[in-house]
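target.cif follows (mmCIF, C-alpha atoms):
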```cif
data_protein
loop_
_atom_site.group_PDB
_atom_site.id
_atom_site.type_symbol
_atom_site.label_atom_id
_atom_site.label_comp_id
_atom_site.auth_asym_id
_atom_site.auth_seq_id
_atom_site.Cartn_x
_atom_site.Cartn_y
_atom_site.Cartn_z
ATOM 1 C CA MET A 16 0.000 0.000 0.000
ATOM 2 C CA ALA A 17 1.422 3.358 -1.029
ATOM 3 C CA SER A 18 2.146 5.809 1.750
ATOM 4 C CA SER A 19 0.229 9.068 1.777
ATOM 5 C CA PRO A 20 2.211 12.162 0.781
ATOM 6 C CA ASN A 21 3.804 14.143 3.576
ATOM 7 C CA PRO A 22 1.717 17.297 4.048
ATOM 8 C CA THR A 23 4.901 19.282 4.716
ATOM 9 C CA ASP A 24 6.334 18.397 1.283
ATOM 10 C CA GLN A 25 4.478 21.338 -0.225
ATOM 11 C CA ASN A 26 6.713 23.657 1.815
ATOM 12 C CA PHE A 27 9.961 22.152 0.594
ATOM 13 C CA ILE A 28 12.162 24.152 -1.724
ATOM 14 C CA VAL A 29 14.618 22.602 -4.172
ATOM 15 C CA VAL A 30 18.209 23.733 -3.642
ATOM 16 C CA ASP A 31 20.843 23.082 -6.313
ATOM 17 C CA PHE A 32 24.292 23.130 -4.685
ATOM 18 C CA HIS A 33 27.329 23.974 -6.883
ATOM 19 C CA TYR A 34 30.741 23.238 -5.328
ATOM 20 C CA ASN A 35 34.354 22.264 -6.116
ATOM 21 C CA GLY A 36 34.231 24.683 -9.058
ATOM 22 C CA GLN A 37 35.712 28.125 -9.526
ATOM 23 C CA PHE A 38 34.293 31.576 -10.218
ATOM 24 C CA ALA A 39 35.599 33.465 -13.258
ATOM 25 C CA PRO A 40 34.824 37.052 -14.337
ATOM 26 C CA ASN A 41 33.479 38.962 -17.317
ATOM 27 C CA PRO A 42 30.808 37.676 -17.364
ATOM 28 C CA LEU A 43 30.710 36.094 -13.930
ATOM 29 C CA VAL A 44 30.352 32.291 -14.179
ATOM 30 C CA TYR A 45 31.055 29.230 -12.034
ATOM 31 C CA PHE A 46 33.278 26.778 -13.914
ATOM 32 C CA ASP A 47 33.371 22.987 -13.691
ATOM 33 C CA PRO A 48 31.404 22.402 -10.481
ATOM 34 C CA ASN A 49 30.050 19.315 -8.793
ATOM 35 C CA ARG A 50 26.284 19.540 -8.406
ATOM 36 C CA ALA A 51 23.819 18.175 -5.902
ATOM 37 C CA SER A 52 20.098 18.830 -6.083
ATOM 38 C CA VAL A 53 18.327 18.521 -2.709
ATOM 39 C CA ARG A 54 14.530 18.423 -2.717
ATOM 40 C CA ASP A 55 13.581 16.333 0.355
ATOM 41 C CA VAL A 56 14.839 18.641 3.124
ATOM 42 C CA ASP A 57 12.679 21.252 4.840
ATOM 43 C CA PHE A 58 15.118 24.156 4.758
ATOM 44 C CA SER A 59 12.453 26.438 6.213
ATOM 45 C CA GLY A 60 13.015 24.654 9.534
ATOM 46 C CA PHE A 61 16.727 25.533 9.483
ATOM 47 C CA GLY A 62 18.535 28.578 10.712
ATOM 48 C CA TYR A 63 21.747 29.878 9.153
ATOM 49 C CA GLU A 64 24.031 27.748 11.350
ATOM 50 C CA GLN A 65 22.077 24.551 10.674
ATOM 51 C CA PHE A 66 22.115 25.254 6.924
ATOM 52 C CA MET A 67 25.887 25.724 6.976
ATOM 53 C CA GLU A 68 26.393 22.451 8.830
ATOM 54 C CA PHE A 69 24.268 20.664 6.264
ATOM 55 C CA LEU A 70 26.212 22.277 3.403
ATOM 56 C CA HIS A 71 29.616 21.375 4.922
ATOM 57 C CA LYS A 72 28.605 17.730 5.251
ATOM 58 C CA LEU A 73 27.181 17.647 1.721
ATOM 59 C CA THR A 74 30.206 19.259 0.041
ATOM 60 C CA ASN A 75 32.909 18.022 2.417
ATOM 61 C CA SER A 76 34.136 21.585 2.640
ATOM 62 C CA ARG A 77 34.424 24.150 5.434
ATOM 63 C CA SER A 78 34.341 27.184 3.126
ATOM 64 C CA LYS A 79 32.424 30.163 4.497
ATOM 65 C CA ASP A 80 32.179 32.043 1.191
ATOM 66 C CA ILE A 81 28.676 30.970 0.193
ATOM 67 C CA TYR A 82 26.434 32.659 -2.362
ATOM 68 C CA PHE A 83 22.920 32.111 -3.703
ATOM 69 C CA CYS A 84 21.176 33.145 -6.898
ATOM 70 C CA LEU A 85 17.804 32.524 -8.522
ATOM 71 C CA PRO A 86 18.053 30.068 -11.461
ATOM 72 C CA GLN A 87 16.508 32.516 -13.931
ATOM 73 C CA GLU A 88 19.007 35.287 -13.155
ATOM 74 C CA SER A 89 22.619 35.701 -14.253
ATOM 75 C CA LEU A 90 25.281 35.568 -11.553
ATOM 76 C CA GLY A 91 26.451 39.069 -12.393
ATOM 77 C CA LEU A 92 23.014 40.545 -11.699
ATOM 78 C CA GLY A 93 21.432 38.192 -9.149
ATOM 79 C CA ILE A 94 24.132 36.838 -6.843
ATOM 80 C CA HIS A 95 23.747 37.325 -3.054
ATOM 81 C CA THR A 96 26.003 36.591 -0.116
ATOM 82 C CA LEU A 97 24.928 34.078 2.525
ATOM 83 C CA VAL A 98 26.769 34.961 5.752
ATOM 84 C CA ASN A 99 24.132 35.374 8.500
ATOM 85 C CA ASN A 100 20.533 34.746 9.549
ATOM 86 C CA GLY A 101 19.302 37.837 7.686
ATOM 87 C CA ASP A 102 20.797 36.520 4.436
ATOM 88 C CA TYR A 103 19.305 33.095 5.093
ATOM 89 C CA LYS A 104 15.820 34.581 5.563
ATOM 90 C CA GLU A 105 16.215 36.435 2.239
ATOM 91 C CA PHE A 106 17.363 33.157 0.675
ATOM 92 C CA LEU A 107 14.144 31.414 1.788
ATOM 93 C CA ASP A 108 11.866 34.334 0.880
ATOM 94 C CA LEU A 109 13.242 34.573 -2.658
ATOM 95 C CA ALA A 110 13.029 30.821 -3.163
ATOM 96 C CA TYR A 111 9.388 30.616 -2.076
ATOM 97 C CA ALA A 112 8.503 33.619 -4.226
ATOM 98 C CA ASN A 113 10.159 32.133 -7.342
ATOM 99 C CA ASP A 114 9.023 28.565 -8.053
ATOM 100 C CA LYS A 115 10.573 27.256 -4.801
ATOM 101 C CA ARG A 116 14.015 26.756 -6.332
ATOM 102 C CA MET A 117 17.415 28.283 -5.589
ATOM 103 C CA ASN A 118 21.056 27.868 -6.629
ATOM 104 C CA VAL A 119 23.808 27.855 -3.987
ATOM 105 C CA TYR A 120 27.507 28.342 -4.850
ATOM 106 C CA VAL A 121 30.576 27.559 -2.739
ATOM 107 C CA ASP A 122 33.630 29.752 -3.315
ATOM 108 C CA HIS A 123 36.679 27.698 -2.358
ATOM 109 C CA HIS A 124 39.215 30.356 -3.398
ATOM 110 C CA ASN A 125 37.904 33.543 -1.764
ATOM 111 C CA GLU A 126 37.558 35.315 -5.112
ATOM 112 C CA PRO A 127 36.809 39.097 -5.276
ATOM 113 C CA ILE A 128 33.448 38.455 -6.909
ATOM 114 C CA PHE A 129 31.845 41.828 -6.271
ATOM 115 C CA ASP A 130 34.934 43.694 -7.491
ATOM 116 C CA TRP A 131 34.618 41.740 -10.737
ATOM 117 C CA ILE A 132 30.934 42.627 -10.994
ATOM 118 C CA GLU A 133 31.673 46.317 -10.433
ATOM 119 C CA ALA A 134 34.393 46.296 -13.098
ATOM 120 C CA GLU A 135 32.050 44.526 -15.523
ATOM 121 C CA GLU A 136 29.304 47.107 -14.929
ATOM 122 C CA SER A 137 31.775 49.965 -15.436
ATOM 123 C CA GLU A 138 32.994 48.449 -18.706
ATOM 124 C CA SER A 139 29.411 48.032 -19.893
ATOM 125 C CA GLU A 140 28.638 51.685 -19.101
ATOM 126 C CA ASN A 141 31.713 52.822 -21.038
ATOM 127 C CA GLU A 142 30.640 50.760 -24.047
ATOM 128 C CA ASP A 143 27.187 52.371 -23.897
ATOM 129 C CA LEU A 144 28.788 55.836 -23.817
ATOM 130 C CA ASP A 145 30.983 54.987 -26.814
ATOM 131 C CA GLU A 146 27.911 53.822 -28.754
ATOM 132 C CA ASP A 147 26.089 57.068 -27.883
ATOM 133 C CA GLU A 148 29.087 59.163 -29.040
ATOM 134 C CA ASP A 149 29.288 57.222 -32.310
ATOM 135 C CA SER A 150 25.579 57.841 -32.851
ATOM 136 C CA VAL A 151 26.023 61.600 -32.278
ATOM 137 C CA ILE A 152 28.954 61.729 -34.735
ATOM 138 C CA GLN A 153 26.957 59.909 -37.397
ATOM 139 C CA ASP A 154 24.041 62.303 -36.916
ATOM 140 C CA SER A 155 26.410 65.300 -37.241
ATOM 141 C CA TYR A 156 27.707 64.095 -40.598
ATOM 142 C CA SER A 157 24.391 63.110 -42.107
ATOM 143 C CA VAL A 158 23.648 65.042 -45.335
ATOM 144 C CA ASP A 159 20.337 65.585 -47.059
ATOM 145 C CA HIS A 160 20.926 65.137 -50.801
ATOM 146 C CA GLU A 161 18.977 67.127 -53.374
ATOM 147 C CA GLU A 162 16.958 65.262 -55.932
ATOM 148 C CA ASP A 163 18.622 64.826 -59.328
ATOM 149 C CA ASP A 164 15.988 66.855 -61.185
ATOM 150 C CA ALA A 165 16.115 69.815 -58.812
ATOM 151 C CA THR A 166 16.709 73.251 -60.383
ATOM 152 C CA TYR A 167 19.369 75.651 -59.123
ATOM 153 C CA PRO A 168 18.572 79.199 -60.370
ATOM 154 C CA PHE A 169 21.295 81.831 -60.309
ATOM 155 C CA PRO A 170 20.321 84.999 -58.418
ATOM 156 C CA ALA A 171 19.821 87.886 -60.841
ATOM 157 C CA ASN A 172 22.171 90.220 -58.940
ATOM 158 C CA LYS A 173 25.020 87.697 -59.235
ATOM 159 C CA THR A 174 25.108 87.513 -63.053
ATOM 160 C CA ALA A 175 24.910 91.145 -64.111
ATOM 161 C CA ARG A 176 28.688 91.617 -64.339
ATOM 162 C CA ASP A 177 29.763 88.081 -65.153
ATOM 163 C CA ARG A 178 29.874 87.318 -68.886
ATOM 164 C CA PHE A 179 30.142 83.573 -68.324
ATOM 165 C CA LEU A 180 27.190 83.409 -65.939
ATOM 166 C CA ASN A 181 25.146 85.614 -68.240
ATOM 167 C CA ILE A 182 25.700 83.079 -71.014
ATOM 168 C CA LEU A 183 24.692 80.264 -68.712
ATOM 169 C CA CYS A 184 21.570 82.061 -67.637
ATOM 170 C CA GLU A 185 20.350 83.109 -71.076
ATOM 171 C CA PRO A 186 16.844 81.811 -71.612
ATOM 172 C CA ILE A 187 16.567 78.948 -74.063
ATOM 173 C CA GLU A 188 13.494 79.064 -76.216
ATOM 174 C CA SER A 189 11.668 75.859 -76.799
ATOM 175 C CA GLU A 190 12.060 74.238 -80.199
ATOM 176 C CA ASP A 191 8.339 73.585 -80.193
ATOM 177 C CA GLN A 192 7.500 77.298 -80.022
ATOM 178 C CA ASP A 193 5.915 78.687 -83.215
ATOM 179 C CA ASP A 194 7.899 81.733 -84.422
ATOM 180 C CA GLU A 195 6.142 84.420 -86.471
ATOM 181 C CA TYR A 196 6.933 83.961 -90.168
ATOM 182 C CA VAL A 197 8.892 86.831 -91.767
ATOM 183 C CA PRO A 198 9.139 86.614 -95.568
ATOM 184 C CA PRO A 199 12.599 87.116 -97.045
ATOM 185 C CA GLN A 200 13.386 90.348 -98.907
ATOM 186 C CA TYR A 201 15.329 90.313 -102.185
ATOM 187 C CA PRO A 202 17.199 93.209 -103.839
ATOM 188 C CA VAL A 203 15.480 94.936 -106.796
ATOM 189 C CA TYR A 204 17.640 96.015 -109.766
ATOM 190 C CA ASP A 205 17.102 98.622 -112.496
ATOM 191 C CA GLU A 206 16.894 96.566 -115.634
ATOM 192 C CA ARG A 207 17.759 99.606 -117.783
ATOM 193 C CA GLN A 208 21.328 99.520 -116.587
ATOM 194 C CA PRO A 209 23.908 97.236 -118.137
ATOM 195 C CA TRP A 210 24.012 93.953 -116.277
ATOM 196 C CA ASP A 211 27.602 94.437 -115.070
ATOM 197 C CA GLN A 212 26.700 97.883 -113.703
ATOM 198 C CA MET A 213 23.464 96.985 -111.999
ATOM 199 C CA LYS A 214 23.096 98.232 -108.449
ATOM 200 C CA PRO A 215 20.244 97.272 -106.180
ATOM 201 C CA ILE A 216 17.574 99.860 -105.665
ATOM 202 C CA ILE A 217 16.345 98.115 -102.447
ATOM 203 C CA ASP A 218 18.821 96.097 -100.474
ATOM 204 C CA GLY A 219 17.008 93.751 -98.119
#
```
Could I get this structure in the form of structure tokens?
Amino acid sequence: MASSPNPTDQNFIVVDFHYNGQFAPNPLVYFDPNRASVRDVDFSGFGYEQFMEFLHKLTNSRSKDIYFCLPQESLGLGIHTLVNNGDYKEFLDLAYANDKRMNVYVDHHNEPIFDWIEAEESESENEDLDEDEDSVIQDSYSVDHEEDDATYPFPANKTARDRFLNILCEPIESEDQDDEYVPPQYPVYDERQPWDQMKPIIDG
């Protein structure tokens, strides 16, 4: 006959312990750890000291540099220290508020984790500033180009004394314009004069 479920199981959180690895910066990660997932312990009944005793037995380590972080957050943004009862209460509160799961990390080498995080944030801010400056420079050098069929008239007062510009600005009459027809005029000669002495009476 199957045993009935323990009514306190609903209060258990799952804690994933990461140990015997090493933190590395930029971005902050925990390399090559051993892992142990504990889901059958009521950590809400522990205090900080009891939790540390449990962790030391589990990891076979006496390290006091312990950190926790929600699984859905990056270490660089979500890591917390676990050094006293106040931290342990925050550890439980965050776990119960976020799917009842939490990651715990053991630092065996006393790494300057928060110095790394600060340096990473500073570098990120500098990169953002460089991107903003590049954007401003690109905006400063942007040019609006005129359309190819745009007209560029010369101001009248700029061509009055410039023979070359006057030539350029002379109006060009359309070939399709109908000009008024002017009949040609021919010279009229006095036929009474010898042909080699003829002079025109009307010279058109």
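One finds CA of Asn41 (chain A) at 19.0 Å from CA of His123 (chain A).
Closest to Val98 (chain A) among A:Asp130, A:Asp114, A:Glu140, A:Glu64 is A:Glu64, based on only C-alpha atoms.
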Shortest interatomic distance to Tyr82 (chain A) - which of A:Ala112, A:Leu43, A:Val121, A:Val30, counting all atoms listed in the file = A:Val121
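CA of Glu133 (chain A) lies 28.9 Å from CA of Phe66 (chain A).
Proximity of A:Gln65, A:Asn113, A:Ser78, A:Thr96 to Ile128 (chain A), computed with only C-alpha atoms, is greatest for A:Thr96.
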query = Where does the PyMOL selection byres ((chain A and resi 74) around 10) land in this file, that is, which residues does it pick, as a ChimeraX atom specification?
reply = /A:32-35,49-51,69-73,75-78,121
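If you look at CA of Val53 (chain A) and CA of Glu88 (chain A), they are 19.8 Å away from each other.
The residues returned by the PyMOL selection byres ((chain A and resi 58) around 9) on the shown structure are A:Asn26, A:Phe27, A:Ile28, A:Val30, A:Val56, A:Asp57, A:Ser59, A:Gly60, A:Phe61, A:Gly62, A:Phe66, A:Leu107.
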Please return as a compact mmCIF listing (two decimals) with C-alpha atoms, keeping the file's coordinate frame every residue within 6 Å of (23.0, 34.9, 11.9), taking into account only C-alpha atoms and the file's own coordinates.
```
# COMPACT_ATOMS: atom_id res chain seq x y z
CA TYR A 63 21.75 29.88 9.15
CA ASN A 99 24.13 35.37 8.50
CA ASN A 100 20.53 34.75 9.55
```
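Selection around (26.3, 40.7, -4.4) with radius 9 Å, counting only C-alpha atoms, yields the residues Tyr82, Leu90, Gly91, Leu92, Gly93, Ile94, His95, Thr96, Ile128, Phe129 and Ile132 of chain A.
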Should you be able to, write region 17-148 of chain A of this structure into a file that contains C-alpha atoms, as a PDB file, in the first residue's frame.
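Final file, out_39.pdb:
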```pdb
ATOM      1  CA  ALA A  17       1.422   3.358  -1.029  1.00  0.00           C
ATOM      2  CA  SER A  18       2.146   5.809   1.750  1.00  0.00           C
ATOM      3  CA  SER A  19       0.229   9.068   1.777  1.00  0.00           C
ATOM      4  CA  PRO A  20       2.211  12.162   0.781  1.00  0.00           C
ATOM      5  CA  ASN A  21       3.804  14.143   3.576  1.00  0.00           C
ATOM      6  CA  PRO A  22       1.717  17.297   4.048  1.00  0.00           C
ATOM      7  CA  THR A  23       4.901  19.282   4.716  1.00  0.00           C
ATOM      8  CA  ASP A  24       6.334  18.397   1.283  1.00  0.00           C
ATOM      9  CA  GLN A  25       4.478  21.338  -0.225  1.00  0.00           C
ATOM     10  CA  ASN A  26       6.713  23.657   1.815  1.00  0.00           C
ATOM     11  CA  PHE A  27       9.961  22.152   0.594  1.00  0.00           C
ATOM     12  CA  ILE A  28      12.162  24.152  -1.724  1.00  0.00           C
ATOM     13  CA  VAL A  29      14.618  22.602  -4.172  1.00  0.00           C
ATOM     14  CA  VAL A  30      18.209  23.733  -3.642  1.00  0.00           C
ATOM     15  CA  ASP A  31      20.843  23.082  -6.313  1.00  0.00           C
ATOM     16  CA  PHE A  32      24.292  23.130  -4.685  1.00  0.00           C
ATOM     17  CA  HIS A  33      27.329  23.974  -6.883  1.00  0.00           C
ATOM     18  CA  TYR A  34      30.741  23.238  -5.328  1.00  0.00           C
ATOM     19  CA  ASN A  35      34.354  22.264  -6.116  1.00  0.00           C
ATOM     20  CA  GLY A  36      34.231  24.683  -9.058  1.00  0.00           C
ATOM     21  CA  GLN A  37      35.712  28.125  -9.526  1.00  0.00           C
ATOM     22  CA  PHE A  38      34.293  31.576 -10.218  1.00  0.00           C
ATOM     23  CA  ALA A  39      35.599  33.465 -13.258  1.00  0.00           C
ATOM     24  CA  PRO A  40      34.824  37.052 -14.337  1.00  0.00           C
ATOM     25  CA  ASN A  41      33.479  38.962 -17.317  1.00  0.00           C
ATOM     26  CA  PRO A  42      30.808  37.676 -17.364  1.00  0.00           C
ATOM     27  CA  LEU A  43      30.710  36.094 -13.930  1.00  0.00           C
ATOM     28  CA  VAL A  44      30.352  32.291 -14.179  1.00  0.00           C
ATOM     29  CA  TYR A  45      31.055  29.230 -12.034  1.00  0.00           C
ATOM     30  CA  PHE A  46      33.278  26.778 -13.914  1.00  0.00           C
ATOM     31  CA  ASP A  47      33.371  22.987 -13.691  1.00  0.00           C
ATOM     32  CA  PRO A  48      31.404  22.402 -10.481  1.00  0.00           C
ATOM     33  CA  ASN A  49      30.050  19.315  -8.793  1.00  0.00           C
ATOM     34  CA  ARG A  50      26.284  19.540  -8.406  1.00  0.00           C
ATOM     35  CA  ALA A  51      23.819  18.175  -5.902  1.00  0.00           C
ATOM     36  CA  SER A  52      20.098  18.830  -6.083  1.00  0.00           C
ATOM     37  CA  VAL A  53      18.327  18.521  -2.709  1.00  0.00           C
ATOM     38  CA  ARG A  54      14.530  18.423  -2.717  1.00  0.00           C
ATOM     39  CA  ASP A  55      13.581  16.333   0.355  1.00  0.00           C
ATOM     40  CA  VAL A  56      14.839  18.641   3.124  1.00  0.00           C
ATOM     41  CA  ASP A  57      12.679  21.252   4.840  1.00  0.00           C
ATOM     42  CA  PHE A  58      15.118  24.156   4.758  1.00  0.00           C
ATOM     43  CA  SER A  59      12.453  26.438   6.213  1.00  0.00           C
ATOM     44  CA  GLY A  60      13.015  24.654   9.534  1.00  0.00           C
ATOM     45  CA  PHE A  61      16.727  25.533   9.483  1.00  0.00           C
ATOM     46  CA  GLY A  62      18.535  28.578  10.712  1.00  0.00           C
ATOM     47  CA  TYR A  63      21.747  29.878   9.153  1.00  0.00           C
ATOM     48  CA  GLU A  64      24.031  27.748  11.350  1.00  0.00           C
ATOM     49  CA  GLN A  65      22.077  24.551  10.674  1.00  0.00           C
ATOM     50  CA  PHE A  66      22.115  25.254   6.924  1.00  0.00           C
ATOM     51  CA  MET A  67      25.887  25.724   6.976  1.00  0.00           C
ATOM     52  CA  GLU A  68      26.393  22.451   8.830  1.00  0.00           C
ATOM     53  CA  PHE A  69      24.268  20.664   6.264  1.00  0.00           C
ATOM     54  CA  LEU A  70      26.212  22.277   3.403  1.00  0.00           C
ATOM     55  CA  HIS A  71      29.616  21.375   4.922  1.00  0.00           C
ATOM     56  CA  LYS A  72      28.605  17.730   5.251  1.00  0.00           C
ATOM     57  CA  LEU A  73      27.181  17.647   1.721  1.00  0.00           C
ATOM     58  CA  THR A  74      30.206  19.259   0.041  1.00  0.00           C
ATOM     59  CA  ASN A  75      32.909  18.022   2.417  1.00  0.00           C
ATOM     60  CA  SER A  76      34.136  21.585   2.640  1.00  0.00           C
ATOM     61  CA  ARG A  77      34.424  24.150   5.434  1.00  0.00           C
ATOM     62  CA  SER A  78      34.341  27.184   3.126  1.00  0.00           C
ATOM     63  CA  LYS A  79      32.424  30.163   4.497  1.00  0.00           C
ATOM     64  CA  ASP A  80      32.179  32.043   1.191  1.00  0.00           C
ATOM     65  CA  ILE A  81      28.676  30.970   0.193  1.00  0.00           C
ATOM     66  CA  TYR A  82      26.434  32.659  -2.362  1.00  0.00           C
ATOM     67  CA  PHE A  83      22.920  32.111  -3.703  1.00  0.00           C
ATOM     68  CA  CYS A  84      21.176  33.145  -6.898  1.00  0.00           C
ATOM     69  CA  LEU A  85      17.804  32.524  -8.522  1.00  0.00           C
ATOM     70  CA  PRO A  86      18.053  30.068 -11.461  1.00  0.00           C
ATOM     71  CA  GLN A  87      16.508  32.516 -13.931  1.00  0.00           C
ATOM     72  CA  GLU A  88      19.007  35.287 -13.155  1.00  0.00           C
ATOM     73  CA  SER A  89      22.619  35.701 -14.253  1.00  0.00           C
ATOM     74  CA  LEU A  90      25.281  35.568 -11.553  1.00  0.00           C
ATOM     75  CA  GLY A  91      26.451  39.069 -12.393  1.00  0.00           C
ATOM     76  CA  LEU A  92      23.014  40.545 -11.699  1.00  0.00           C
ATOM     77  CA  GLY A  93      21.432  38.192  -9.149  1.00  0.00           C
ATOM     78  CA  ILE A  94      24.132  36.838  -6.843  1.00  0.00           C
ATOM     79  CA  HIS A  95      23.747  37.325  -3.054  1.00  0.00           C
ATOM     80  CA  THR A  96      26.003  36.591  -0.116  1.00  0.00           C
ATOM     81  CA  LEU A  97      24.928  34.078   2.525  1.00  0.00           C
ATOM     82  CA  VAL A  98      26.769  34.961   5.752  1.00  0.00           C
ATOM     83  CA  ASN A  99      24.132  35.374   8.500  1.00  0.00           C
ATOM     84  CA  ASN A 100      20.533  34.746   9.549  1.00  0.00           C
ATOM     85  CA  GLY A 101      19.302  37.837   7.686  1.00  0.00           C
ATOM     86  CA  ASP A 102      20.797  36.520   4.436  1.00  0.00           C
ATOM     87  CA  TYR A 103      19.305  33.095   5.093  1.00  0.00           C
ATOM     88  CA  LYS A 104      15.820  34.581   5.563  1.00  0.00           C
ATOM     89  CA  GLU A 105      16.215  36.435   2.239  1.00  0.00           C
ATOM     90  CA  PHE A 106      17.363  33.157   0.675  1.00  0.00           C
ATOM     91  CA  LEU A 107      14.144  31.414   1.788  1.00  0.00           C
ATOM     92  CA  ASP A 108      11.866  34.334   0.880  1.00  0.00           C
ATOM     93  CA  LEU A 109      13.242  34.573  -2.658  1.00  0.00           C
ATOM     94  CA  ALA A 110      13.029  30.821  -3.163  1.00  0.00           C
ATOM     95  CA  TYR A 111       9.388  30.616  -2.076  1.00  0.00           C
ATOM     96  CA  ALA A 112       8.503  33.619  -4.226  1.00  0.00           C
ATOM     97  CA  ASN A 113      10.159  32.133  -7.342  1.00  0.00           C
ATOM     98  CA  ASP A 114       9.023  28.565  -8.053  1.00  0.00           C
ATOM     99  CA  LYS A 115      10.573  27.256  -4.801  1.00  0.00           C
ATOM    100  CA  ARG A 116      14.015  26.756  -6.332  1.00  0.00           C
ATOM    101  CA  MET A 117      17.415  28.283  -5.589  1.00  0.00           C
ATOM    102  CA  ASN A 118      21.056  27.868  -6.629  1.00  0.00           C
ATOM    103  CA  VAL A 119      23.808  27.855  -3.987  1.00  0.00           C
ATOM    104  CA  TYR A 120      27.507  28.342  -4.850  1.00  0.00           C
ATOM    105  CA  VAL A 121      30.576  27.559  -2.739  1.00  0.00           C
ATOM    106  CA  ASP A 122      33.630  29.752  -3.315  1.00  0.00           C
ATOM    107  CA  HIS A 123      36.679  27.698  -2.358  1.00  0.00           C
ATOM    108  CA  HIS A 124      39.215  30.356  -3.398  1.00  0.00           C
ATOM    109  CA  ASN A 125      37.904  33.543  -1.764  1.00  0.00           C
ATOM    110  CA  GLU A 126      37.558  35.315  -5.112  1.00  0.00           C
ATOM    111  CA  PRO A 127      36.809  39.097  -5.276  1.00  0.00           C
ATOM    112  CA  ILE A 128      33.448  38.455  -6.909  1.00  0.00           C
ATOM    113  CA  PHE A 129      31.845  41.828  -6.271  1.00  0.00           C
ATOM    114  CA  ASP A 130      34.934  43.694  -7.491  1.00  0.00           C
ATOM    115  CA  TRP A 131      34.618  41.740 -10.737  1.00  0.00           C
ATOM    116  CA  ILE A 132      30.934  42.627 -10.994  1.00  0.00           C
ATOM    117  CA  GLU A 133      31.673  46.317 -10.433  1.00  0.00           C
ATOM    118  CA  ALA A 134      34.393  46.296 -13.098  1.00  0.00           C
ATOM    119  CA  GLU A 135      32.050  44.526 -15.523  1.00  0.00           C
ATOM    120  CA  GLU A 136      29.304  47.107 -14.929  1.00  0.00           C
ATOM    121  CA  SER A 137      31.775  49.965 -15.436  1.00  0.00           C
ATOM    122  CA  GLU A 138      32.994  48.449 -18.706  1.00  0.00           C
ATOM    123  CA  SER A 139      29.411  48.032 -19.893  1.00  0.00           C
ATOM    124  CA  GLU A 140      28.638  51.685 -19.101  1.00  0.00           C
ATOM    125  CA  ASN A 141      31.713  52.822 -21.038  1.00  0.00           C
ATOM    126  CA  GLU A 142      30.640  50.760 -24.047  1.00  0.00           C
ATOM    127  CA  ASP A 143      27.187  52.371 -23.897  1.00  0.00           C
ATOM    128  CA  LEU A 144      28.788  55.836 -23.817  1.00  0.00           C
ATOM    129  CA  ASP A 145      30.983  54.987 -26.814  1.00  0.00           C
ATOM    130  CA  GLU A 146      27.911  53.822 -28.754  1.00  0.00           C
ATOM    131  CA  ASP A 147      26.089  57.068 -27.883  1.00  0.00           C
ATOM    132  CA  GLU A 148      29.087  59.163 -29.040  1.00  0.00           C
TER     133      GLU A 148
END
```
